[in-house]
Amino acid sequence: MKFRYPGNVFLSLFVFLVFSCVGLGKDLSVHIDFPGGSAVVESIDQEKRLIRLMPSDHPGHGWRCWWYFRLEGLAAGETLILDIGDAPWATPDQATVSNDGRKNWQHTAKGKRNEKRIVYSYTAKKDGPHWFAWGPPFVIADANELIQNASKGRDWATPFILTKSRNGHDVPSIRIRETKEPSIGIWIQARQHAWESGSSWVCRGFLEWLVSPDAAALRKHAEIVVTPIMDVDNVELGAGGKNQQPWDHNRDWRDKPHWPEVVAAQKGITALHKEGRFHLFVDLHNPGAGERESYFFSTPRDHLSSKGIENLLAFNAATKKFITDPIPFSGKLIESGAKYDPKNWRYISKNWVSELTHDSAAVAVTLETVWNTSGSNADGYRKAGRQFGLAIDMYVNDLVKESGKGK
Ligand SMILES: [Zn+2]
């Protein structure tokens with residue numbers, strides 16, 4: 001009998017080495033089994049390491065634009081080709097990726113546009129899993145962690161639940177009140193539109209600044225309520241939210257709102273207003289894909305008092321002074337009145353607040369932080385939030401000085 005076994009071993013080893021050298025990796029697979037996950041795979045070419053996909057379709061839950069998935073199987077050194085469609089707001093110039101268990105989020109290189117789609121190329125630095133998304137994700141767990149960190153060891157920073165959503169999720173919020181009798185009331189909220197994740201990161205940067213020693217002067221005068229996510233249901237679902245049925249959150253600021261988050265925010269703002277100390281409302285959003293500088297939407301001037309216009313211009317100037325780099329603020333004020341939305345303009349958050357506070361001349365604006373620039377990443381958004389804090393600080397300081405003069 002011939003002894004053949006060692007030959008087979010050598011052959012197997014040879015075949016294994018050849019396949020290793022040509023780089024046949026593990027199969028790639030796409031997963032969305034976590035809050036905010038969204039992707040429908042159209043095709044995967046395992047050899048070319050090419051994945052084509054679309055955001056998940058959630059009829060009735062707004063624009064089909066948010067995508068966020070975990071990729072298994074991509075090894076260090078391999079290049080993934082990611083081809084995504086198919087709307088301007090679904091195809092940022094740069095995708096966002098994490099390869100450290102979602103602790104840090106970075107931009108990929110710029111993708112190549114192909115009609116309505118975009119193709120990103122990403123070479124892995126480490127073995128997977130990798131997480132890819134439209135922008136840096138921010139879900140309820142992130143809001144809870146942010147608020148816990150902000151309140152830890154600070155008895156003047158009180159977490160609370162704004163309300164329960166229609167799907168039964170808590171809406172995490174925080175109230176900052178360090179002084180006994182604050183004369184200034186401020187309300188900051190983000191994410192009435194679920195896909196605009198950058199607005200929650202701006203909110204994060206603002207809140208981190210607000211509880212820091214740098215904001216001590218502002219906290220001497222102001223009570224501030226912060227809600228990092230309004231439309232928690234669509235954020236957790238991974239839907240776009242914008243123009244959802246039966247109402248867009250930001251067209252629901254009417255007498256009897258459909259969404260419990262809007263009911264609760266109206267109630268909180270009205271309470272501060274009735275105490276005669278409501279001064280500033282900011283709704284944080286992200287604008288259209290083509291915008292390269294951030295700006296405010298404001299209430300039409302013919303619906304503001306002359307003092308209201310003066311305050312708006314002062315706040316706009318302060319914001320332009322501080323929000324500079326890496327995401328500049330243009331100082332452009334766009335009115336969203338009857339020309340912008342003939343049927344529902346009155347039911348946009350800031351217009352509702354402006355009407356409520358017409359006589360007391362509070363400032364109510366929407367901050368549109370641009371998302372499609374190289375600075376519009378997790379760190380850039382947080383920096384914009386801190387810079388916005390400095391603008392609010394300067395504006396409030398001037399208000400307090402002015403009211404002192406009047407006495
Ligand atoms: Zn929006």
# chains A, B, ... in the order shown; residues from 1 in each chain; ligands from 1

$ residues_near_ligand --ligand "ligand 1" --cutoff "6 Å" --atoms "only C-alpha atoms and all ligand atoms" --output "PyMOL selection string"
chain A and resi 193+285-286

$ write_last_selection --atoms "all heavy atoms" --output "PDB file, in the first residue's frame"
ATOM      1  N   HIS A 193     -37.554  66.324  12.951  1.00  0.00           N
ATOM      2  CA  HIS A 193     -37.423  65.481  11.753  1.00  0.00           C
ATOM      3  C   HIS A 193     -36.362  64.416  12.019  1.00  0.00           C
ATOM      4  O   HIS A 193     -35.176  64.729  12.189  1.00  0.00           O
ATOM      5  CB  HIS A 193     -37.056  66.345  10.544  1.00  0.00           C
ATOM      6  CG  HIS A 193     -38.147  67.317  10.190  1.00  0.00           C
ATOM      7  ND1 HIS A 193     -37.903  68.605   9.792  1.00  0.00           N
ATOM      8  CD2 HIS A 193     -39.495  67.164  10.215  1.00  0.00           C
ATOM      9  CE1 HIS A 193     -39.070  69.213   9.558  1.00  0.00           C
ATOM     10  NE2 HIS A 193     -40.040  68.351   9.827  1.00  0.00           N
ATOM     11  N   HIS A 285     -32.478  71.853  13.439  1.00  0.00           N
ATOM     12  CA  HIS A 285     -32.742  71.054  12.230  1.00  0.00           C
ATOM     13  C   HIS A 285     -31.484  70.972  11.371  1.00  0.00           C
ATOM     14  O   HIS A 285     -30.483  71.634  11.654  1.00  0.00           O
ATOM     15  CB  HIS A 285     -33.852  71.707  11.384  1.00  0.00           C
ATOM     16  CG  HIS A 285     -35.215  71.563  11.951  1.00  0.00           C
ATOM     17  ND1 HIS A 285     -36.174  70.761  11.397  1.00  0.00           N
ATOM     18  CD2 HIS A 285     -35.782  72.130  13.050  1.00  0.00           C
ATOM     19  CE1 HIS A 285     -37.284  70.837  12.108  1.00  0.00           C
ATOM     20  NE2 HIS A 285     -37.081  71.658  13.119  1.00  0.00           N
ATOM     21  N   ASN A 286     -31.584  70.176  10.279  1.00  0.00           N
ATOM     22  CA  ASN A 286     -30.597  70.188   9.189  1.00  0.00           C
ATOM     23  C   ASN A 286     -31.352  70.526   7.906  1.00  0.00           C
ATOM     24  O   ASN A 286     -32.461  70.019   7.701  1.00  0.00           O
ATOM     25  CB  ASN A 286     -29.924  68.823   9.020  1.00  0.00           C
ATOM     26  CG  ASN A 286     -29.084  68.396  10.214  1.00  0.00           C
ATOM     27  OD1 ASN A 286     -29.198  67.260  10.682  1.00  0.00           O
ATOM     28  ND2 ASN A 286     -28.262  69.272  10.736  1.00  0.00           N
TER      29      ASN A 286
END

$ closest_atom_pairs --of "stretch 167-229 of chain A" --to "stretch 388-401 of chain A" --cutoff "9 Å" --atoms "only C-alpha atoms" --output "Markdown table"
| residue | atom | partner | partner_atom | distance |
| --- | --- | --- | --- | --- |
| A:Ser183 | CA | A:Val400 | CA | 8.6 |
| A:Ile184 | CA | A:Val396 | CA | 7.8 |
| A:Val202 | CA | A:Phe388 | CA | 8.6 |
| A:Gly205 | CA | A:Gly389 | CA | 8.5 |
| A:Phe206 | CA | A:Gly389 | CA | 5.6 |
| A:Leu207 | CA | A:Gly389 | CA | 8.3 |
| A:Trp209 | CA | A:Gly389 | CA | 6.7 |
| A:Leu210 | CA | A:Gly389 | CA | 6.8 |
| A:Asp214 | CA | A:Leu390 | CA | 8.8 |
| A:Ala215 | CA | A:Asp393 | CA | 7.4 |
| A:Ala217 | CA | A:Asp393 | CA | 7.6 |
| A:Leu218 | CA | A:Asp393 | CA | 5.4 |
| A:His221 | CA | A:Val400 | CA | 7.9 |
| A:Ala222 | CA | A:Val396 | CA | 8.1 |

$ closest_residue --among "A:Gly62, A:Gly111, A:Pro172, A:Gly241" --to "A:Ile81" --atoms "only C-alpha atoms"
A:Gly111

$ closest_residue --among "A:Gly135, A:Gly238, A:Pro228, A:Pro213" --to "A:Asp379" --atoms "only C-alpha atoms"
A:Gly135

$ atom_distance --atom1 "atom CA of A:Gln245" --atom2 "atom CA of A:Asn167"
14.6 Å

$ select_by_dssp --residues "stretch 149-238 of chain A" --states "strand (DSSP E or B)" --output "PyMOL selection string"
chain A and resi 157-164+170-176+184-190+222-227

$ write_last_selection --atoms "N, CA, C and O atoms" --output "mmCIF file, in the first residue's frame"
data_model
loop_
_atom_site.group_PDB
_atom_site.id
_atom_site.type_symbol
_atom_site.label_atom_id
_atom_site.label_comp_id
_atom_site.auth_asym_id
_atom_site.auth_seq_id
_atom_site.Cartn_x
_atom_site.Cartn_y
_atom_site.Cartn_z
ATOM 1 N N ALA A 157 -29.075 70.295 37.630
ATOM 2 C CA ALA A 157 -29.363 69.765 36.283
ATOM 3 C C ALA A 157 -30.258 68.540 36.453
ATOM 4 O O ALA A 157 -29.792 67.496 36.914
ATOM 5 N N THR A 158 -31.528 68.677 36.125
ATOM 6 C CA THR A 158 -32.508 67.643 36.466
ATOM 7 C C THR A 158 -33.057 66.945 35.222
ATOM 8 O O THR A 158 -33.794 67.555 34.433
ATOM 9 N N PRO A 159 -32.749 65.662 35.067
ATOM 10 C CA PRO A 159 -33.354 64.917 33.954
ATOM 11 C C PRO A 159 -34.848 64.753 34.189
ATOM 12 O O PRO A 159 -35.285 64.608 35.334
ATOM 13 N N PHE A 160 -35.609 64.789 33.134
ATOM 14 C CA PHE A 160 -37.042 64.485 33.252
ATOM 15 C C PHE A 160 -37.533 63.921 31.918
ATOM 16 O O PHE A 160 -36.843 64.029 30.897
ATOM 17 N N ILE A 161 -38.705 63.298 31.984
ATOM 18 C CA ILE A 161 -39.307 62.744 30.769
ATOM 19 C C ILE A 161 -40.329 63.762 30.275
ATOM 20 O O ILE A 161 -41.306 64.044 30.977
ATOM 21 N N LEU A 162 -40.088 64.317 29.089
ATOM 22 C CA LEU A 162 -40.992 65.349 28.552
ATOM 23 C C LEU A 162 -42.392 64.773 28.409
ATOM 24 O O LEU A 162 -43.384 65.404 28.769
ATOM 25 N N THR A 163 -42.472 63.555 27.861
ATOM 26 C CA THR A 163 -43.758 62.866 27.697
ATOM 27 C C THR A 163 -43.455 61.442 27.230
ATOM 28 O O THR A 163 -42.292 61.092 27.029
ATOM 29 N N LYS A 164 -44.500 60.666 27.061
ATOM 30 C CA LYS A 164 -44.349 59.368 26.404
ATOM 31 C C LYS A 164 -44.840 59.525 24.968
ATOM 32 O O LYS A 164 -45.849 60.178 24.718
ATOM 33 N N ASP A 170 -40.136 56.860 26.113
ATOM 34 C CA ASP A 170 -39.902 58.087 26.881
ATOM 35 C C ASP A 170 -39.184 59.102 25.997
ATOM 36 O O ASP A 170 -38.375 58.724 25.146
ATOM 37 N N VAL A 171 -39.465 60.383 26.228
ATOM 38 C CA VAL A 171 -38.762 61.461 25.518
ATOM 39 C C VAL A 171 -37.823 62.137 26.522
ATOM 40 O O VAL A 171 -38.249 62.985 27.303
ATOM 41 N N PRO A 172 -36.532 61.728 26.537
ATOM 42 C CA PRO A 172 -35.608 62.230 27.564
ATOM 43 C C PRO A 172 -35.341 63.731 27.391
ATOM 44 O O PRO A 172 -35.114 64.204 26.275
ATOM 45 N N SER A 173 -35.368 64.448 28.528
ATOM 46 C CA SER A 173 -35.123 65.885 28.511
ATOM 47 C C SER A 173 -34.377 66.259 29.785
ATOM 48 O O SER A 173 -34.236 65.446 30.690
ATOM 49 N N ILE A 174 -33.909 67.496 29.841
ATOM 50 C CA ILE A 174 -33.184 67.957 31.030
ATOM 51 C C ILE A 174 -33.492 69.429 31.273
ATOM 52 O O ILE A 174 -33.656 70.195 30.316
ATOM 53 N N ARG A 175 -33.616 69.778 32.552
ATOM 54 C CA ARG A 175 -33.872 71.174 32.937
ATOM 55 C C ARG A 175 -32.665 71.669 33.733
ATOM 56 O O ARG A 175 -32.247 71.034 34.693
ATOM 57 N N ILE A 176 -32.100 72.775 33.291
ATOM 58 C CA ILE A 176 -30.943 73.375 33.958
ATOM 59 C C ILE A 176 -31.431 74.600 34.710
ATOM 60 O O ILE A 176 -31.949 75.556 34.100
ATOM 61 N N ILE A 184 -34.738 84.528 32.979
ATOM 62 C CA ILE A 184 -34.740 84.228 31.539
ATOM 63 C C ILE A 184 -35.120 82.757 31.335
ATOM 64 O O ILE A 184 -34.503 81.876 31.941
ATOM 65 N N GLY A 185 -36.079 82.507 30.455
ATOM 66 C CA GLY A 185 -36.469 81.125 30.130
ATOM 67 C C GLY A 185 -36.070 80.787 28.695
ATOM 68 O O GLY A 185 -36.297 81.580 27.775
ATOM 69 N N ILE A 186 -35.439 79.633 28.526
ATOM 70 C CA ILE A 186 -34.945 79.222 27.192
ATOM 71 C C ILE A 186 -35.366 77.779 26.927
ATOM 72 O O ILE A 186 -35.273 76.928 27.816
ATOM 73 N N TRP A 187 -35.801 77.509 25.709
ATOM 74 C CA TRP A 187 -36.229 76.154 25.327
ATOM 75 C C TRP A 187 -35.480 75.749 24.065
ATOM 76 O O TRP A 187 -35.583 76.417 23.032
ATOM 77 N N ILE A 188 -34.704 74.655 24.149
ATOM 78 C CA ILE A 188 -33.929 74.185 22.999
ATOM 79 C C ILE A 188 -34.355 72.749 22.701
ATOM 80 O O ILE A 188 -34.302 71.888 23.588
ATOM 81 N N GLN A 189 -34.729 72.478 21.472
ATOM 82 C CA GLN A 189 -35.132 71.113 21.108
ATOM 83 C C GLN A 189 -34.538 70.746 19.741
ATOM 84 O O GLN A 189 -34.245 71.625 18.928
ATOM 85 N N ALA A 190 -34.370 69.439 19.535
ATOM 86 C CA ALA A 190 -33.827 68.963 18.257
ATOM 87 C C ALA A 190 -34.690 67.836 17.717
ATOM 88 O O ALA A 190 -35.446 67.208 18.456
ATOM 89 N N ALA A 222 -30.469 82.225 33.679
ATOM 90 C CA ALA A 222 -31.405 81.508 32.806
ATOM 91 C C ALA A 222 -31.787 80.129 33.333
ATOM 92 O O ALA A 222 -30.980 79.432 33.958
ATOM 93 N N GLU A 223 -33.025 79.764 33.071
ATOM 94 C CA GLU A 223 -33.481 78.376 33.226
ATOM 95 C C GLU A 223 -33.606 77.839 31.807
ATOM 96 O O GLU A 223 -34.233 78.474 30.953
ATOM 97 N N ILE A 224 -33.017 76.662 31.560
ATOM 98 C CA ILE A 224 -32.963 76.167 30.184
ATOM 99 C C ILE A 224 -33.463 74.728 30.135
ATOM 100 O O ILE A 224 -33.000 73.876 30.892
ATOM 101 N N VAL A 225 -34.397 74.476 29.230
ATOM 102 C CA VAL A 225 -34.884 73.110 29.004
ATOM 103 C C VAL A 225 -34.325 72.618 27.668
ATOM 104 O O VAL A 225 -34.335 73.360 26.681
ATOM 105 N N VAL A 226 -33.815 71.383 27.658
ATOM 106 C CA VAL A 226 -33.205 70.833 26.439
ATOM 107 C C VAL A 226 -33.806 69.449 26.154
ATOM 108 O O VAL A 226 -33.812 68.577 27.023
ATOM 109 N N THR A 227 -34.286 69.267 24.930
ATOM 110 C CA THR A 227 -34.792 67.957 24.477
ATOM 111 C C THR A 227 -34.010 67.550 23.224
ATOM 112 O O THR A 227 -34.203 68.138 22.158
#

$ select_by_dssp --residues "stretch 65-197 of chain A" --states "helix (DSSP H, G or I)" --output "PyMOL selection string"
chain A and resi 88-90+140-151+197

$ write_last_selection --atoms "all heavy atoms" --output "short mmCIF file (atom, residue, chain, number, x, y, z; two decimals), in the first residue's frame"
data_model
loop_
_atom_site.label_atom_id
_atom_site.label_comp_id
_atom_site.auth_asym_id
_atom_site.auth_seq_id
_atom_site.Cartn_x
_atom_site.Cartn_y
_atom_site.Cartn_z
N PRO A 88 -31.49 63.27 -3.25
CA PRO A 88 -30.40 64.14 -2.78
C PRO A 88 -30.20 64.04 -1.26
O PRO A 88 -29.07 64.05 -0.77
CB PRO A 88 -30.88 65.55 -3.15
CG PRO A 88 -31.90 65.36 -4.22
CD PRO A 88 -32.50 64.00 -4.01
N TRP A 89 -31.31 63.95 -0.51
CA TRP A 89 -31.20 63.93 0.96
C TRP A 89 -30.83 62.54 1.49
O TRP A 89 -30.65 62.35 2.67
CB TRP A 89 -32.48 64.45 1.62
CG TRP A 89 -33.73 63.93 0.96
CD1 TRP A 89 -34.37 62.78 1.24
CD2 TRP A 89 -34.46 64.56 -0.09
NE1 TRP A 89 -35.44 62.63 0.42
CE2 TRP A 89 -35.53 63.71 -0.41
CE3 TRP A 89 -34.31 65.76 -0.81
CZ2 TRP A 89 -36.47 64.01 -1.41
CZ3 TRP A 89 -35.23 66.05 -1.80
CH2 TRP A 89 -36.29 65.19 -2.09
N ALA A 90 -30.73 61.53 0.60
CA ALA A 90 -30.30 60.20 1.03
C ALA A 90 -28.85 59.93 0.67
O ALA A 90 -28.30 58.90 1.06
CB ALA A 90 -31.18 59.13 0.39
N ILE A 140 -32.39 57.10 21.20
CA ILE A 140 -32.82 57.39 22.58
C ILE A 140 -31.72 57.04 23.59
O ILE A 140 -31.47 57.79 24.54
CB ILE A 140 -34.12 56.62 22.92
CG1 ILE A 140 -35.29 57.16 22.09
CG2 ILE A 140 -34.45 56.77 24.40
CD1 ILE A 140 -36.60 56.41 22.30
N ALA A 141 -31.03 55.91 23.37
CA ALA A 141 -29.96 55.52 24.31
C ALA A 141 -28.88 56.61 24.38
O ALA A 141 -28.32 56.87 25.45
CB ALA A 141 -29.35 54.19 23.88
N ASP A 142 -28.59 57.25 23.25
CA ASP A 142 -27.58 58.32 23.24
C ASP A 142 -28.09 59.55 24.00
O ASP A 142 -27.33 60.22 24.70
CB ASP A 142 -27.25 58.72 21.80
CG ASP A 142 -26.67 57.55 21.01
OD1 ASP A 142 -25.68 56.97 21.47
OD2 ASP A 142 -27.25 57.20 19.96
N ALA A 143 -29.38 59.84 23.83
CA ALA A 143 -29.98 60.98 24.56
C ALA A 143 -29.92 60.72 26.06
O ALA A 143 -29.56 61.61 26.85
CB ALA A 143 -31.42 61.21 24.11
N ASN A 144 -30.23 59.48 26.47
CA ASN A 144 -30.18 59.14 27.90
C ASN A 144 -28.76 59.27 28.45
O ASN A 144 -28.55 59.81 29.54
CB ASN A 144 -30.70 57.72 28.13
CG ASN A 144 -32.22 57.68 28.14
OD1 ASN A 144 -32.88 58.64 28.57
ND2 ASN A 144 -32.80 56.60 27.65
N GLU A 145 -27.80 58.77 27.69
CA GLU A 145 -26.40 58.83 28.15
C GLU A 145 -25.93 60.29 28.27
O GLU A 145 -25.30 60.68 29.25
CB GLU A 145 -25.52 58.07 27.16
CG GLU A 145 -24.12 57.82 27.69
CD GLU A 145 -23.23 57.17 26.64
OE1 GLU A 145 -23.74 56.43 25.78
OE2 GLU A 145 -22.02 57.43 26.68
N LEU A 146 -26.28 61.09 27.26
CA LEU A 146 -25.91 62.51 27.28
C LEU A 146 -26.48 63.20 28.51
O LEU A 146 -25.78 63.94 29.22
CB LEU A 146 -26.47 63.17 25.99
CG LEU A 146 -26.45 64.69 25.94
CD1 LEU A 146 -25.01 65.21 25.93
CD2 LEU A 146 -27.19 65.20 24.69
N ILE A 147 -27.76 62.94 28.79
CA ILE A 147 -28.44 63.61 29.90
C ILE A 147 -27.91 63.12 31.25
O ILE A 147 -27.71 63.90 32.18
CB ILE A 147 -29.96 63.44 29.74
CG1 ILE A 147 -30.44 64.36 28.61
CG2 ILE A 147 -30.71 63.72 31.04
CD1 ILE A 147 -31.86 64.17 28.18
N GLN A 148 -27.62 61.82 31.32
CA GLN A 148 -27.03 61.29 32.56
C GLN A 148 -25.68 61.94 32.84
O GLN A 148 -25.41 62.37 33.96
CB GLN A 148 -26.80 59.78 32.42
CG GLN A 148 -27.93 58.97 33.03
CD GLN A 148 -27.77 57.49 32.69
OE1 GLN A 148 -26.66 57.01 32.47
NE2 GLN A 148 -28.88 56.79 32.63
N ASN A 149 -24.85 62.02 31.82
CA ASN A 149 -23.53 62.65 32.01
C ASN A 149 -23.66 64.12 32.38
O ASN A 149 -22.89 64.63 33.19
CB ASN A 149 -22.68 62.51 30.74
CG ASN A 149 -22.22 61.08 30.52
OD1 ASN A 149 -22.19 60.29 31.46
ND2 ASN A 149 -21.90 60.74 29.29
N ALA A 150 -24.64 64.79 31.77
CA ALA A 150 -24.81 66.23 32.03
C ALA A 150 -25.30 66.48 33.46
O ALA A 150 -25.00 67.52 34.05
CB ALA A 150 -25.79 66.83 31.02
N SER A 151 -26.05 65.53 34.02
CA SER A 151 -26.65 65.77 35.34
C SER A 151 -25.81 65.19 36.49
O SER A 151 -26.01 65.56 37.65
CB SER A 151 -28.05 65.17 35.39
OG SER A 151 -27.99 63.78 35.18
N SER A 197 -30.10 63.78 11.95
CA SER A 197 -29.37 63.37 13.15
C SER A 197 -28.34 64.41 13.59
O SER A 197 -28.04 64.54 14.77
CB SER A 197 -28.68 62.03 12.93
OG SER A 197 -27.61 62.16 12.01
#

$ closest_residue --among "A:Ile327, A:Val262, A:Ala75, A:Ala338" --to "A:Arg386" --atoms "only C-alpha atoms"
A:Ile327

$ closest_residue --among "A:Lys112, A:Gln94, A:Thr357, A:His249" --to "A:Thr270" --atoms "only C-alpha atoms"
A:Thr357

$ atom_distance --atom1 "atom CA of A:Gly77" --atom2 "atom CA of A:Ala109"
15.7 Å

$ closest_residue --among "A:Asp93, A:Asp341, A:Glu355, A:Asp283" --to "A:Asn377" --atoms "only C-alpha atoms"
A:Asp93

$ atom_distance --atom1 "atom CA of A:Arg117" --atom2 "atom CA of A:His61"
22.0 Å

$ residues_around --residues "A:Asn243" --least-positions-apart "5" --cutoff "12 Å" --atoms "only C-alpha atoms" --output "list in words"
Pro59, Gly60, His61, Gly62, Trp63, Arg64, Cys65, Gln192, His193, Ala194, Trp195, Asn234, Asp248, His249, Asn250, Arg251 and Asp252 of chain A

$ write_last_selection --atoms "N, CA, C and O atoms" --output "mmCIF file, in the first residue's frame"
data_model
loop_
_atom_site.group_PDB
_atom_site.id
_atom_site.type_symbol
_atom_site.label_atom_id
_atom_site.label_comp_id
_atom_site.auth_asym_id
_atom_site.auth_seq_id
_atom_site.Cartn_x
_atom_site.Cartn_y
_atom_site.Cartn_z
ATOM 1 N N PRO A 59 -43.701 53.406 4.696
ATOM 2 C CA PRO A 59 -44.778 54.266 4.186
ATOM 3 C C PRO A 59 -45.518 54.979 5.326
ATOM 4 O O PRO A 59 -45.799 54.364 6.360
ATOM 5 N N GLY A 60 -45.770 56.282 5.119
ATOM 6 C CA GLY A 60 -46.462 57.079 6.140
ATOM 7 C C GLY A 60 -45.534 57.677 7.172
ATOM 8 O O GLY A 60 -45.939 58.505 7.985
ATOM 9 N N HIS A 61 -44.257 57.249 7.169
ATOM 10 C CA HIS A 61 -43.312 57.738 8.179
ATOM 11 C C HIS A 61 -42.300 58.721 7.601
ATOM 12 O O HIS A 61 -41.193 58.854 8.121
ATOM 13 N N GLY A 62 -42.669 59.381 6.501
ATOM 14 C CA GLY A 62 -41.834 60.469 6.002
ATOM 15 C C GLY A 62 -40.840 60.043 4.935
ATOM 16 O O GLY A 62 -40.845 58.898 4.463
ATOM 17 N N TRP A 63 -39.981 60.990 4.571
ATOM 18 C CA TRP A 63 -39.021 60.785 3.480
ATOM 19 C C TRP A 63 -38.202 59.507 3.676
ATOM 20 O O TRP A 63 -37.808 59.175 4.791
ATOM 21 N N ARG A 64 -37.924 58.875 2.533
ATOM 22 C CA ARG A 64 -37.089 57.668 2.550
ATOM 23 C C ARG A 64 -35.641 58.100 2.351
ATOM 24 O O ARG A 64 -35.139 58.133 1.225
ATOM 25 N N CYS A 65 -34.991 58.489 3.434
ATOM 26 C CA CYS A 65 -33.655 59.077 3.262
ATOM 27 C C CYS A 65 -32.637 58.620 4.301
ATOM 28 O O CYS A 65 -31.438 58.684 4.061
ATOM 29 N N GLN A 192 -37.191 67.309 15.363
ATOM 30 C CA GLN A 192 -38.591 67.095 14.997
ATOM 31 C C GLN A 192 -38.644 66.265 13.721
ATOM 32 O O GLN A 192 -39.649 65.636 13.431
ATOM 33 N N HIS A 193 -37.554 66.324 12.951
ATOM 34 C CA HIS A 193 -37.423 65.481 11.753
ATOM 35 C C HIS A 193 -36.362 64.416 12.019
ATOM 36 O O HIS A 193 -35.176 64.729 12.189
ATOM 37 N N ALA A 194 -36.810 63.161 12.039
ATOM 38 C CA ALA A 194 -35.970 62.078 12.558
ATOM 39 C C ALA A 194 -34.656 61.893 11.800
ATOM 40 O O ALA A 194 -33.638 61.545 12.389
ATOM 41 N N TRP A 195 -34.661 62.110 10.488
ATOM 42 C CA TRP A 195 -33.443 61.839 9.702
ATOM 43 C C TRP A 195 -32.336 62.851 9.976
ATOM 44 O O TRP A 195 -31.168 62.573 9.716
ATOM 45 N N ASN A 234 -39.903 57.799 15.241
ATOM 46 C CA ASN A 234 -39.278 57.602 13.932
ATOM 47 C C ASN A 234 -37.763 57.434 14.026
ATOM 48 O O ASN A 234 -37.158 56.748 13.192
ATOM 49 N N ASP A 248 -46.589 66.229 9.814
ATOM 50 C CA ASP A 248 -45.185 66.484 10.091
ATOM 51 C C ASP A 248 -45.123 67.089 11.510
ATOM 52 O O ASP A 248 -45.936 67.943 11.852
ATOM 53 N N HIS A 249 -44.168 66.650 12.324
ATOM 54 C CA HIS A 249 -44.045 67.242 13.673
ATOM 55 C C HIS A 249 -43.988 68.770 13.604
ATOM 56 O O HIS A 249 -44.539 69.458 14.455
ATOM 57 N N ASN A 250 -43.284 69.272 12.607
ATOM 58 C CA ASN A 250 -43.119 70.734 12.545
ATOM 59 C C ASN A 250 -44.225 71.436 11.756
ATOM 60 O O ASN A 250 -44.045 72.556 11.274
ATOM 61 N N ARG A 251 -45.365 70.778 11.612
ATOM 62 C CA ARG A 251 -46.592 71.435 11.144
ATOM 63 C C ARG A 251 -47.735 71.091 12.105
ATOM 64 O O ARG A 251 -48.895 71.192 11.768
ATOM 65 N N ASP A 252 -47.343 70.683 13.296
ATOM 66 C CA ASP A 252 -48.327 70.163 14.261
ATOM 67 C C ASP A 252 -48.502 71.101 15.456
ATOM 68 O O ASP A 252 -49.155 70.760 16.431
#

$ residues_around --residues "A:Pro300" --least-positions-apart "2" --cutoff "6 Å" --atoms "only C-alpha atoms" --output "number ranges by chain"
A: 302-303, 335, 337

$ write_last_selection --atoms "C-alpha atoms" --output "short mmCIF file (atom, residue, chain, number, x, y, z; two decimals), in the first residue's frame"
data_model
loop_
_atom_site.label_atom_id
_atom_site.label_comp_id
_atom_site.auth_asym_id
_atom_site.auth_seq_id
_atom_site.Cartn_x
_atom_site.Cartn_y
_atom_site.Cartn_z
CA ASP A 302 -44.77 91.62 9.82
CA HIS A 303 -45.83 89.17 12.54
CA GLU A 335 -38.79 83.94 6.73
CA GLY A 337 -44.52 82.50 6.36
#
